[in-house]
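A.B. asks: Contents of input04.csv (CSV, C-alpha atoms) are below:
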chain,number,residue,atom,x,y,z
A,180,MET,CA,24.9,-4.1,12.2
A,181,LEU,CA,21.8,-2.9,14.1
A,182,ILE,CA,21.3,0.8,15.1
A,183,ILE,CA,18.9,2.0,17.7
A,184,ARG,CA,17.4,5.3,16.8
A,185,ARG,CA,15.3,7.6,19.0
A,186,ILE,CA,12.3,9.1,17.2
A,187,LEU,CA,10.0,11.8,18.5
A,188,HIS,CA,6.4,11.6,17.3
A,189,GLY,CA,4.8,15.0,17.8
A,190,SER,CA,4.5,15.7,21.5
A,191,SER,CA,4.6,12.0,22.5
A,192,ALA,CA,7.4,10.5,24.5
A,193,ALA,CA,10.5,9.3,22.8
A,194,ALA,CA,10.2,5.8,21.4
A,195,LEU,CA,13.0,3.3,20.5
A,196,LEU,CA,13.0,1.8,17.0
A,197,LEU,CA,15.4,-1.0,16.2
A,198,VAL,CA,16.5,-0.9,12.6
A,199,PRO,CA,19.3,-2.4,10.5
A,200,ALA,CA,22.0,-0.2,9.2
A,201,LEU,CA,22.0,0.5,5.5
A,202,PRO,CA,24.9,-1.5,3.9
A,203,ALA,CA,27.7,0.7,2.6
A,204,SER,CA,27.2,-0.8,-0.9
A,205,ALA,CA,23.5,0.2,-1.1
A,206,ALA,CA,22.6,3.2,-3.3
A,207,ALA,CA,21.5,6.3,-1.5
A,208,PRO,CA,17.9,7.6,-2.2
A,209,GLY,CA,17.9,9.7,-5.3
A,210,ASP,CA,20.8,7.9,-6.9
A,211,ALA,CA,20.4,6.6,-10.5
A,212,PRO,CA,19.5,2.9,-10.8
A,213,PRO,CA,22.5,0.6,-11.0
A,214,PRO,CA,23.9,-0.6,-14.3
A,215,GLY,CA,21.6,-2.9,-16.1
A,216,VAL,CA,18.4,-0.9,-15.5
A,217,VAL,CA,15.5,-3.1,-14.4
A,218,GLY,CA,12.9,-3.2,-17.2
A,219,GLY,CA,15.3,-2.0,-19.9
A,220,GLU,CA,17.9,0.7,-20.5
A,221,ARG,CA,15.4,3.2,-22.0
A,222,LEU,CA,13.5,3.3,-18.7
A,223,GLY,CA,16.7,4.5,-17.0
A,224,ALA,CA,16.9,7.5,-19.3
A,225,ALA,CA,15.5,10.9,-18.3
A,226,GLY,CA,12.6,12.4,-20.1
A,227,VAL,CA,9.7,10.9,-22.1
A,228,GLN,CA,10.2,7.5,-23.5
A,229,VAL,CA,7.8,6.4,-26.3
A,230,ALA,CA,8.2,4.7,-29.6
A,231,PRO,CA,5.0,5.4,-31.7
A,232,GLY,CA,4.2,3.5,-34.8
A,233,PRO,CA,1.8,4.1,-37.7
A,234,GLY,CA,-1.5,5.4,-36.4
A,235,ALA,CA,-0.4,5.8,-32.8
A,236,PRO,CA,-2.1,8.7,-31.0
A,237,PRO,CA,0.1,11.5,-29.5
A,238,LEU,CA,0.7,11.4,-25.8
A,239,PRO,CA,-1.6,13.7,-23.7
A,240,LYS,CA,-0.5,17.3,-23.6
A,241,ASP,CA,0.5,19.2,-20.5
A,242,LEU,CA,1.5,16.3,-18.3
A,243,THR,CA,3.0,17.7,-15.1
A,244,GLY,CA,3.9,14.6,-13.1
A,245,LYS,CA,7.5,14.4,-12.1
A,246,SER,CA,7.4,10.7,-13.1
A,247,TRP,CA,4.8,8.5,-14.8
A,248,LEU,CA,4.4,5.2,-16.5
A,249,ILE,CA,1.8,3.3,-18.5
A,250,ALA,CA,2.0,-0.4,-19.0
A,251,ASP,CA,0.1,-3.5,-20.1
A,252,ALA,CA,-0.6,-5.6,-16.9
A,253,GLY,CA,-0.9,-8.9,-18.9
A,254,THR,CA,2.2,-8.7,-21.1
A,255,GLY,CA,4.2,-6.5,-18.8
A,256,GLN,CA,5.1,-4.2,-21.7
A,257,VAL,CA,5.7,-0.6,-20.8
A,258,LEU,CA,4.0,1.5,-23.5
A,259,ALA,CA,5.4,4.9,-22.4
A,260,ALA,CA,7.2,6.4,-19.4
A,261,PHE,CA,8.7,9.6,-18.1
A,262,ASN,CA,11.5,9.4,-15.6
A,263,ALA,CA,10.3,5.9,-14.7
A,264,HIS,CA,13.0,5.1,-12.2
A,265,ALA,CA,13.2,8.6,-10.5
A,266,GLN,CA,13.2,8.0,-6.7
A,267,LEU,CA,10.5,10.0,-5.1
A,268,PRO,CA,8.5,9.9,-1.8
A,269,PRO,CA,5.6,7.4,-2.2
A,270,ALA,CA,2.9,8.6,0.2
A,271,SER,CA,0.2,6.0,0.7
A,272,THR,CA,0.8,4.3,-2.6
A,273,LEU,CA,3.4,2.4,-0.5
A,274,LYS,CA,0.4,0.7,1.2
A,275,MET,CA,0.2,-1.5,-1.9
A,276,LEU,CA,3.6,-3.1,-1.0
A,277,PHE,CA,2.4,-3.4,2.6
A,278,ALA,CA,-0.7,-5.2,1.5
A,279,ASP,CA,1.1,-7.5,-0.9
A,280,THR,CA,3.5,-8.4,1.9
A,281,VAL,CA,1.1,-8.8,4.9
A,282,LEU,CA,-2.3,-9.6,3.5
A,283,PRO,CA,-1.7,-13.3,2.8
A,284,ARG,CA,-0.6,-13.9,6.4
A,285,PHE,CA,-3.9,-13.5,8.2
A,286,PRO,CA,-7.3,-15.0,7.3
A,287,ALA,CA,-9.9,-12.4,6.6
A,288,SER,CA,-12.3,-13.8,9.3
A,289,ASP,CA,-9.7,-13.7,12.1
A,290,VAL,CA,-10.6,-11.4,15.0
A,291,HIS,CA,-8.1,-9.2,16.7
A,292,LYS,CA,-8.5,-7.1,19.9
A,293,VAL,CA,-6.6,-3.9,19.5
A,294,ALA,CA,-4.1,-2.9,22.2
A,295,TRP,CA,-3.2,0.7,23.1
A,296,ALA,CA,0.4,0.1,22.1
A,297,GLU,CA,-0.6,-0.9,18.6
A,298,LEU,CA,-1.9,2.6,17.9
A,299,GLN,CA,1.2,4.4,18.9
A,300,GLY,CA,4.0,5.8,16.8
A,301,MET,CA,1.9,7.2,13.9
A,302,GLY,CA,3.0,10.4,12.3
A,303,ALA,CA,1.3,13.7,13.2
A,304,GLY,CA,-1.7,14.4,10.9
A,305,SER,CA,-1.9,10.8,9.7
A,306,SER,CA,-5.1,9.7,7.9
A,307,LEU,CA,-7.1,7.4,10.2
A,308,VAL,CA,-10.1,5.1,9.8
A,309,GLY,CA,-11.0,5.4,13.5
A,310,ILE,CA,-9.8,2.2,15.3
A,311,LYS,CA,-10.3,2.2,19.0
A,312,GLU,CA,-8.2,0.3,21.6
A,313,ASP,CA,-9.7,-2.6,23.6
A,314,LEU,CA,-12.2,-3.4,20.8
A,315,GLU,CA,-12.2,-6.4,18.5
A,316,TYR,CA,-12.0,-6.1,14.7
A,317,LYS,CA,-12.1,-8.6,11.9
A,318,VAL,CA,-9.0,-8.7,9.7
A,319,GLU,CA,-11.2,-7.9,6.7
A,320,ASP,CA,-12.4,-4.7,8.4
A,321,LEU,CA,-8.8,-3.7,9.1
A,322,TRP,CA,-7.9,-4.1,5.4
A,323,ARG,CA,-10.9,-2.1,4.4
A,324,GLY,CA,-9.6,0.6,6.6
A,325,VAL,CA,-6.2,0.4,4.8
A,326,PHE,CA,-7.6,0.4,1.3
A,327,LEU,CA,-10.6,2.7,1.5
A,328,SER,CA,-9.6,5.3,4.2
A,329,SER,CA,-5.9,4.9,3.8
A,330,GLY,CA,-5.9,4.5,7.6
A,331,ASN,CA,-2.4,4.5,9.1
A,332,ASP,CA,-4.0,3.2,12.3
A,333,ALA,CA,-5.2,0.1,10.5
A,334,VAL,CA,-1.7,-0.3,9.0
A,335,HIS,CA,-0.1,-0.1,12.5
A,336,VAL,CA,-2.4,-2.7,14.0
A,337,LEU,CA,-1.8,-5.1,11.2
A,338,ALA,CA,2.0,-4.4,11.3
A,339,ASN,CA,2.0,-5.2,15.1
A,340,MET,CA,0.0,-8.4,14.4
A,341,ASN,CA,2.8,-9.2,11.9
A,342,GLY,CA,5.5,-9.0,14.6
A,343,GLY,CA,5.9,-5.3,14.9
A,344,VAL,CA,6.7,-2.2,12.7
A,345,ALA,CA,10.4,-2.9,12.4
A,346,LYS,CA,9.8,-6.5,11.3
A,347,THR,CA,7.1,-5.4,8.8
A,348,VAL,CA,9.4,-2.8,7.3
A,349,ALA,CA,12.0,-5.5,6.8
A,350,ASP,CA,9.4,-7.8,5.3
A,351,MET,CA,8.3,-5.1,2.9
A,352,GLN,CA,11.9,-4.4,1.8
A,353,ALA,CA,12.4,-8.1,1.2
A,354,ARG,CA,9.2,-8.3,-0.8
A,355,ALA,CA,10.3,-5.3,-2.9
A,356,ASP,CA,13.6,-7.2,-3.6
A,357,GLN,CA,11.6,-10.2,-4.8
A,358,LEU,CA,9.7,-7.9,-7.1
A,359,GLN,CA,13.0,-6.4,-8.4
A,360,ALA,CA,11.8,-3.0,-7.1
A,361,ARG,CA,15.3,-1.6,-6.7
A,362,ASP,CA,14.2,2.1,-6.4
A,363,THR,CA,12.3,1.4,-3.2
A,364,HIS,CA,13.6,2.1,0.3
A,365,VAL,CA,11.1,1.4,3.0
A,366,VAL,CA,11.2,3.2,6.3
A,367,SER,CA,7.6,3.2,7.5
A,368,PRO,CA,4.9,0.7,6.5
A,369,ASP,CA,2.2,3.3,5.9
A,370,GLY,CA,4.0,5.6,3.4
A,371,TYR,CA,4.1,8.6,5.9
A,372,ASP,CA,6.8,11.1,5.0
A,373,MET,CA,10.1,9.8,6.5
A,374,ASP,CA,13.6,10.8,5.6
A,375,GLY,CA,15.0,8.4,3.0
A,376,GLN,CA,11.7,6.7,2.1
A,377,VAL,CA,11.5,6.6,-1.6
A,378,THR,CA,10.1,4.6,-4.5
A,379,SER,CA,9.5,5.1,-8.2
A,380,ALA,CA,6.7,5.0,-10.8
A,381,TYR,CA,8.2,1.8,-12.1
A,382,ASP,CA,8.2,0.1,-8.6
A,383,LEU,CA,4.7,1.3,-7.7
A,384,THR,CA,3.5,-0.3,-10.9
A,385,LEU,CA,5.2,-3.6,-10.0
A,386,PHE,CA,3.5,-3.5,-6.6
A,387,ALA,CA,0.1,-3.0,-8.2
A,388,ARG,CA,0.6,-5.7,-10.7
A,389,ALA,CA,1.7,-8.2,-8.0
A,390,GLY,CA,-1.2,-7.2,-5.7
A,391,LEU,CA,-3.9,-7.6,-8.3
A,392,ARG,CA,-3.0,-11.2,-8.7
A,393,ASP,CA,-4.4,-11.8,-5.2
A,394,PRO,CA,-8.2,-12.0,-5.3
A,395,GLU,CA,-8.5,-10.4,-1.8
A,396,PHE,CA,-6.2,-7.5,-2.7
A,397,ARG,CA,-8.2,-7.0,-5.9
A,398,GLY,CA,-11.5,-7.1,-4.0
A,399,TYR,CA,-10.4,-4.6,-1.3
A,400,CYS,CA,-9.1,-2.0,-3.7
A,401,ALA,CA,-12.3,-2.3,-5.8
A,402,THR,CA,-14.6,-1.7,-2.8
A,403,ARG,CA,-16.1,1.8,-3.0
A,404,TRP,CA,-18.2,1.8,0.2
A,405,ALA,CA,-18.2,-0.1,3.5
A,406,GLN,CA,-19.5,-0.1,7.0
A,407,PHE,CA,-16.7,0.0,9.6
A,408,PRO,CA,-17.2,-1.2,13.2
A,409,GLY,CA,-17.6,1.7,15.6
A,410,ALA,CA,-17.7,2.2,19.4
A,411,VAL,CA,-19.9,0.3,21.9
A,412,ASP,CA,-23.0,2.3,23.1
A,413,GLN,CA,-22.6,2.5,26.9
A,414,LYS,CA,-26.4,2.5,27.4
A,415,THR,CA,-27.4,-0.3,25.1
A,416,GLY,CA,-24.2,-2.3,25.0
A,417,GLN,CA,-24.6,-2.6,21.3
A,418,ARG,CA,-21.7,-1.8,18.9
A,419,GLY,CA,-22.4,0.6,16.2
A,420,SER,CA,-20.8,1.2,12.8
A,421,PHE,CA,-20.2,4.0,10.4
A,422,GLY,CA,-19.7,4.3,6.6
A,423,ILE,CA,-16.3,4.8,5.0
A,424,ALA,CA,-15.7,5.6,1.3
A,425,ASN,CA,-12.8,4.8,-1.0
A,426,THR,CA,-10.8,8.0,-1.5
A,427,ASP,CA,-9.8,7.0,-5.1
A,428,ARG,CA,-11.6,9.6,-7.2
A,429,LEU,CA,-11.4,7.6,-10.4
A,430,LEU,CA,-13.1,4.5,-8.8
A,431,GLY,CA,-16.6,4.6,-10.1
A,432,SER,CA,-16.0,7.5,-12.5
A,433,TYR,CA,-13.4,6.1,-15.0
A,434,PRO,CA,-14.9,3.2,-17.1
A,435,GLY,CA,-13.4,-0.1,-16.2
A,436,LEU,CA,-11.3,1.1,-13.3
A,437,ILE,CA,-10.3,-1.7,-10.9
A,438,GLY,CA,-8.4,0.3,-8.3
A,439,VAL,CA,-5.6,0.6,-7.0
A,440,LYS,CA,-4.3,3.2,-4.5
A,441,ASN,CA,-3.9,7.0,-4.1
A,442,GLY,CA,-1.9,9.0,-1.7
A,443,TYR,CA,-0.9,12.4,-0.6
A,444,THR,CA,1.7,13.9,1.8
A,445,THR,CA,3.6,17.2,2.1
A,446,ASN,CA,6.8,15.8,0.6
A,447,ALA,CA,5.3,13.4,-2.0
A,448,GLY,CA,2.5,15.6,-3.2
A,449,ALA,CA,-0.2,13.5,-4.9
A,450,THR,CA,0.7,10.0,-6.0
A,451,TYR,CA,-1.6,7.5,-7.8
A,452,THR,CA,-1.4,4.0,-9.3
A,453,GLY,CA,-4.5,2.7,-11.1
A,454,ALA,CA,-5.6,-0.2,-13.1
A,455,ALA,CA,-8.4,-0.3,-15.7
A,456,GLU,CA,-9.8,-3.0,-18.0
A,457,ARG,CA,-11.3,-2.5,-21.4
A,458,ASP,CA,-11.9,-5.1,-24.2
A,459,GLY,CA,-10.0,-7.8,-22.3
A,460,ARG,CA,-6.9,-5.7,-21.8
A,461,THR,CA,-5.8,-4.4,-18.4
A,462,LEU,CA,-3.5,-1.3,-18.2
A,463,LEU,CA,-1.6,0.0,-15.2
A,464,VAL,CA,-0.8,3.7,-14.8
A,465,THR,CA,1.3,5.5,-12.2
A,466,VAL,CA,1.6,9.3,-11.8
A,467,MET,CA,3.8,10.9,-9.1
A,468,HIS,CA,3.8,14.5,-7.9
A,469,PRO,CA,2.0,16.5,-10.6
A,470,ALA,CA,1.8,20.3,-10.4
A,471,ASP,CA,-1.2,20.2,-8.1
A,472,SER,CA,-3.1,17.4,-6.4
A,473,PRO,CA,-6.2,17.0,-8.5
A,474,LYS,CA,-4.1,16.6,-11.6
A,475,VAL,CA,-3.0,13.2,-10.4
A,476,TYR,CA,-6.4,11.9,-11.4
A,477,THR,CA,-6.8,13.8,-14.7
A,478,GLU,CA,-3.4,12.9,-15.9
A,479,ALA,CA,-3.8,9.2,-14.9
A,480,ALA,CA,-7.1,9.1,-16.8
A,481,ALA,CA,-5.5,10.8,-19.8
A,482,LEU,CA,-2.7,8.3,-19.9
A,483,LEU,CA,-5.1,5.4,-19.6
A,484,ASP,CA,-7.1,6.7,-22.5
A,485,TRP,CA,-3.9,7.1,-24.5
A,486,GLY,CA,-2.8,3.6,-23.5
A,487,PHE,CA,-6.0,1.9,-24.7
A,488,ALA,CA,-5.9,3.8,-28.0
A,489,ALA,CA,-2.1,3.2,-28.5
A,490,ALA,CA,-2.0,-0.5,-27.7
A,491,GLY,CA,-0.7,-2.4,-30.7
A,492,LYS,CA,0.5,0.8,-32.3
A,493,VAL,CA,3.6,1.5,-30.3
A,494,THR,CA,6.8,-0.4,-29.7
A,495,PRO,CA,7.3,-1.1,-26.0
A,496,VAL,CA,10.0,1.0,-24.4
A,497,GLY,CA,10.6,-1.5,-21.6
A,498,ALA,CA,9.0,-4.3,-19.5
A,499,LEU,CA,7.8,-4.8,-16.0
A,500,ALA,CA,10.1,-7.2,-14.1
A,501,GLU,CA,8.7,-10.6,-13.0
A,502,ASP,CA,8.1,-11.6,-9.4
A,503,ARG,CA,11.0,-13.8,-8.2
A,504,ALA,CA,9.1,-15.1,-5.2
A,505,PRO,CA,7.7,-18.7,-5.1
A,506,GLU,CA,4.0,-18.8,-6.0
A,507,ARG,CA,1.9,-18.1,-2.9
A,508,ALA,CA,-1.3,-20.1,-2.3
A,509,PRO,CA,-4.1,-18.0,-0.8
A,510,SER,CA,-5.3,-18.8,2.7
A,511,ALA,CA,-8.1,-21.3,2.9
A,512,ALA,CA,-9.9,-19.1,5.4
A,513,ALA,CA,-9.5,-15.9,3.4
A,514,ARG,CA,-12.2,-14.6,1.1
A,515,PRO,CA,-12.5,-11.9,-1.6
A,516,VAL,CA,-14.6,-8.9,-0.5
A,517,ALA,CA,-15.5,-7.4,-3.8
A,518,ASP,CA,-19.2,-8.4,-3.3
A,519,ALA,CA,-19.3,-7.7,0.4
A,520,PRO,CA,-22.1,-5.4,1.6
A,521,ALA,CA,-20.5,-2.0,1.5
A,522,GLY,CA,-23.1,0.7,2.2
A,523,PRO,CA,-25.8,1.5,4.7
A,524,GLY,CA,-28.3,-0.2,2.4
A,525,GLY,CA,-26.2,-3.3,1.9
A,526,SER,CA,-25.0,-2.4,-1.6
A,527,THR,CA,-21.9,-0.8,-3.1
A,528,ALA,CA,-23.9,2.3,-4.1
A,529,PRO,CA,-22.7,2.3,-7.7
A,530,GLY,CA,-24.0,5.8,-8.4
A,531,ALA,CA,-22.5,7.5,-5.5
A,532,PRO,CA,-19.5,9.8,-5.9
A,533,ALA,CA,-16.2,8.9,-4.4
A,534,ALA,CA,-15.2,10.9,-1.3
A,535,PRO,CA,-12.5,13.5,-1.5
A,536,PRO,CA,-9.0,12.3,-0.7
A,537,VAL,CA,-7.7,12.6,2.8
A,538,PRO,CA,-4.0,13.5,3.3
A,539,ASP,CA,-1.8,10.7,4.6
A,540,GLY,CA,0.1,13.0,6.9
A,541,GLY,CA,1.9,16.3,7.5
A,542,PRO,CA,5.5,17.2,7.0
A,543,ALA,CA,8.2,14.7,7.8
A,544,ALA,CA,9.2,14.9,11.5
A,545,HIS,CA,11.2,11.8,12.0
A,546,ALA,CA,14.8,10.7,11.9
A,547,ALA,CA,16.0,8.6,9.0
A,548,ALA,CA,16.0,4.8,9.5
A,549,GLY,CA,18.2,2.5,7.5
A,550,GLY,CA,16.7,0.2,4.9
A,551,PRO,CA,16.8,-3.5,5.9
A,552,GLY,CA,17.5,-6.3,3.5
A,553,PRO,CA,16.5,-9.9,3.6
A,554,ALA,CA,19.9,-11.2,4.6
A,555,THR,CA,20.2,-8.7,7.5
A,556,TRP,CA,16.8,-9.6,8.9
A,557,SER,CA,16.8,-13.4,8.4
A,558,ALA,CA,17.6,-14.3,12.0
A,559,VAL,CA,15.7,-11.3,13.4
A,560,GLY,CA,12.6,-12.1,11.3
A,561,LEU,CA,12.6,-15.8,12.3
A,562,CYS,CA,12.8,-14.9,16.0
A,563,ALA,CA,10.2,-12.2,15.7
A,564,ALA,CA,7.8,-14.5,13.8
A,565,VAL,CA,8.1,-17.2,16.5
A,566,ALA,CA,7.6,-14.7,19.3
A,567,ALA,CA,4.6,-13.2,17.5
A,568,ALA,CA,3.0,-16.6,17.0
A,569,GLY,CA,3.4,-17.3,20.7
A,570,LEU,CA,1.9,-14.0,21.8
A,571,LEU,CA,-1.1,-14.5,19.5
A,572,ARG,CA,-1.6,-18.0,20.9
A,573,LEU,CA,-1.4,-16.7,24.5
A,574,ARG,CA,-3.9,-13.9,23.7
A,575,THR,CA,-6.3,-16.4,22.3
A,576,LEU,CA,-6.1,-18.7,25.3
A,577,ARG,CA,-6.6,-15.7,27.6
A,578,ARG,CA,-9.7,-14.6,25.8
A,579,ARG,CA,-11.1,-18.1,25.8
A,580,ALA,CA,-10.5,-18.4,29.5
A,581,ALA,CA,-12.0,-15.1,30.3
A,582,ARG,CA,-15.1,-15.9,28.3
A,583,ALA,CA,-15.4,-19.2,30.1
A,584,GLY,CA,-15.1,-17.5,33.5
A,585,GLY,CA,-11.7,-19.0,34.2
A,586,ARG,CA,-8.3,-17.4,34.9
A,587,PRO,CA,-5.7,-17.1,32.1
A,588,GLY,CA,-2.6,-19.1,32.8
For this file, write the structure as structure tokens.

C.D. replies:
Amino acid sequence: MLIIRRILHGSSAAALLLVPALPASAAAPGDAPPPGVVGGERLGAAGVQVAPGPGAPPLPKDLTGKSWLIADAGTGQVLAAFNAHAQLPPASTLKMLFADTVLPRFPASDVHKVAWAELQGMGAGSSLVGIKEDLEYKVEDLWRGVFLSSGNDAVHVLANMNGGVAKTVADMQARADQLQARDTHVVSPDGYDMDGQVTSAYDLTLFARAGLRDPEFRGYCATRWAQFPGAVDQKTGQRGSFGIANTDRLLGSYPGLIGVKNGYTTNAGATYTGAAERDGRTLLVTVMHPADSPKVYTEAAALLDWGFAAAGKVTPVGALAEDRAPERAPSAAARPVADAPAGPGGSTAPGAPAAPPVPDGGPAAHAAAGGPGPATWSAVGLCAAVAAAGLLRLRTLRRRAARAGGRPG
């Protein structure tokens, strides 16, 4: 069944959002995971879960996160966890799921002209990279806006390219289902505070592990600095650019850190999922809602240090679930961006400090929207995909006709 909800965004006019009703059998946010906990029964238990062996170091002291998890990305073994399946607001760490869902669908070199409507509907106080309507952007620039600046404007443009926000939310929920991320309920694609939008440290770790298997995803989240397209100078007609920096404070400061994503909102507090490599081993860490925001980085770094020291000396307390989706081949036109020029001097500025984090948004000010499932959206998704493809084709033909001096048909 479909429900039409009217949502007010700040002082803007009311907008209509078409969302599927939550099935009666679905667990409400905050409920305990269903019987047969994903990853193992110990991960469904409250409190610290760790099984130290001889020579294992003690866990870091004074960890304040409401939930955290440390795991081996290669083997999927969970080395230790605390309230791993607790359902909490995600903030912008949910953008990992957005990227894992949408990134493979558009070649990095594609160019898209942003329409006014694509920049509407963002929550008040959203973090923005600075996209302007009626200007063209490469897809790779939009993704740098997502990963580096945590730009909700970049998310909304890409979501509209994907057929719209409602379809993208449905796609993300379906992708979460493939990853066996049962704690996740998607309401907005950008992670902005919304009633009922939750995930867990376990699920965020699944999203990071899946995303890092994509070379493009890995390249974007590892990029520290980039030049982003700016406005057109009215006098010269030349388009400028401005520098953006990755808001992940551990990137460039913690040895071997690969990425992945940080976030902050009023309801979620600080959230962080990171990946680091040392001596051929890659560890994943997630920390959610510590006592104060800066601790999300210090506690993540402490857990990574512990994980590298404890590897081989602890018995795993669970495992990361495997992706149930068919293997996806990367787009032939897409390219990794890890080595792309990223600073004013054309380098990644390895000695430069990371910029301070930018909040993802203010307090939640939206009505709840039901979480779609793949079955509910199968017909809707197919129709939306066909319509989106037709619209994109029409836009392309119109641009070509305009450039050639003709009239669009």

A.B. asks: So how many Å separate CA of Gly431 in chain A and CA of Arg284 in chain A, to one decimal?

C.D. replies: 29.5 Å

A.B. asks: May I ask for the distance between CA of Val439 in chain A and CA of Arg460 in chain A, given in Å to one decimal place?

C.D. replies: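 According to the coordinates, CA of Val439 in chain A and CA of Arg460 in chain A are separated by 16.1 Å.
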
A.B. asks: Counting all atoms listed in the file, which residues of range 374-470 of chain A sit at most 7 Å from some atom of range 222-245 of chain A, and what is each one's closest atom pair with its distance in Å to one decimal, listed by chain and rising residue number, as CSV?

C.D. replies:
residue,atom,partner,partner_atom,distance
A:Val466,CA,A:Gly244,CA,5.9
A:Met467,CA,A:Gly244,CA,5.4
A:His468,CA,A:Gly244,CA,5.2
A:Pro469,CA,A:Gly244,CA,3.7
A:Ala470,CA,A:Thr243,CA,5.5

A.B. asks: To one decimal place in Å, what is the distance between CA of Ala479 in chain A and CA of Asp320 in chain A?

C.D. replies: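 Result for CA of Ala479 in chain A versus CA of Asp320 in chain A: 28.5 Å, one decimal.
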
A.B. asks: For Tyr433 in chain A, which residue out of A:Gly324, A:Pro269, A:Gly453, A:Gly219 is the nearest one, using all atoms listed in the file?

C.D. replies: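 Closest candidate: A:Gly453.
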
A.B. asks: What residues have an atom no more than 9 Å from (16.4, -2.2, -11.8) in the file's own frame, counting all atoms listed in the file, and can you write them as number ranges by chain?

C.D. replies: A: 212-219, 223, 264, 359-362, 500

A.B. asks: Which of these residues is nearest to Leu483 in chain A, using all atoms listed in the file: A:Gly255, A:Gly435, A:Gly330, A:Gly416?

C.D. replies: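 Ranking A:Gly255, A:Gly435, A:Gly330, A:Gly416 by distance to Leu483 in chain A, first place goes to A:Gly435.
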
A.B. asks: Contacts between range 293-298 of chain A and range 338-411 of chain A, please, where a residue of range 338-411 of chain A counts if it comes within 9 Å (with only C-alpha atoms); show its shortest atom pair and distance in Å to one decimal, rows by chain and ascending number, as JSON lines.

C.D. replies:
{"residue": "A:Ala338", "atom": "CA", "partner": "A:Glu297", "partner_atom": "CA", "distance": 8.5}
{"residue": "A:Asn339", "atom": "CA", "partner": "A:Glu297", "partner_atom": "CA", "distance": 6.1}
{"residue": "A:Met340", "atom": "CA", "partner": "A:Glu297", "partner_atom": "CA", "distance": 8.6}
{"residue": "A:Gly343", "atom": "CA", "partner": "A:Glu297", "partner_atom": "CA", "distance": 8.7}

A.B. asks: I'd like to know which of A:Ala263, A:Leu430, A:Ala345, A:Val290 is closest to Thr402 in chain A, using only C-alpha atoms.

C.D. replies: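 Nearest candidate to Thr402 in chain A out of A:Ala263, A:Leu430, A:Ala345, A:Val290: A:Leu430.
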
A.B. asks: Which is closest to Pro473 in chain A among A:Ser329, A:Asn441, A:Ser271, A:Asn446, if we use all atoms listed in the file?

C.D. replies: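 Among the listed residues, the smallest separation from Pro473 in chain A belongs to A:Asn441.
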
A.B. asks: Nearest to Asn331 in chain A: which of A:Lys274, A:Lys414, A:His364, A:Arg388 is it, counting all atoms listed in the file?

C.D. replies: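 Result for the nearest residue to Asn331 in chain A: A:Lys274.
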
A.B. asks: Nearest to Val348 in chain A: which of A:Tyr371, A:Phe277, A:Leu314, A:Gly390 is it, counting all atoms listed in the file?

C.D. replies: A:Phe277
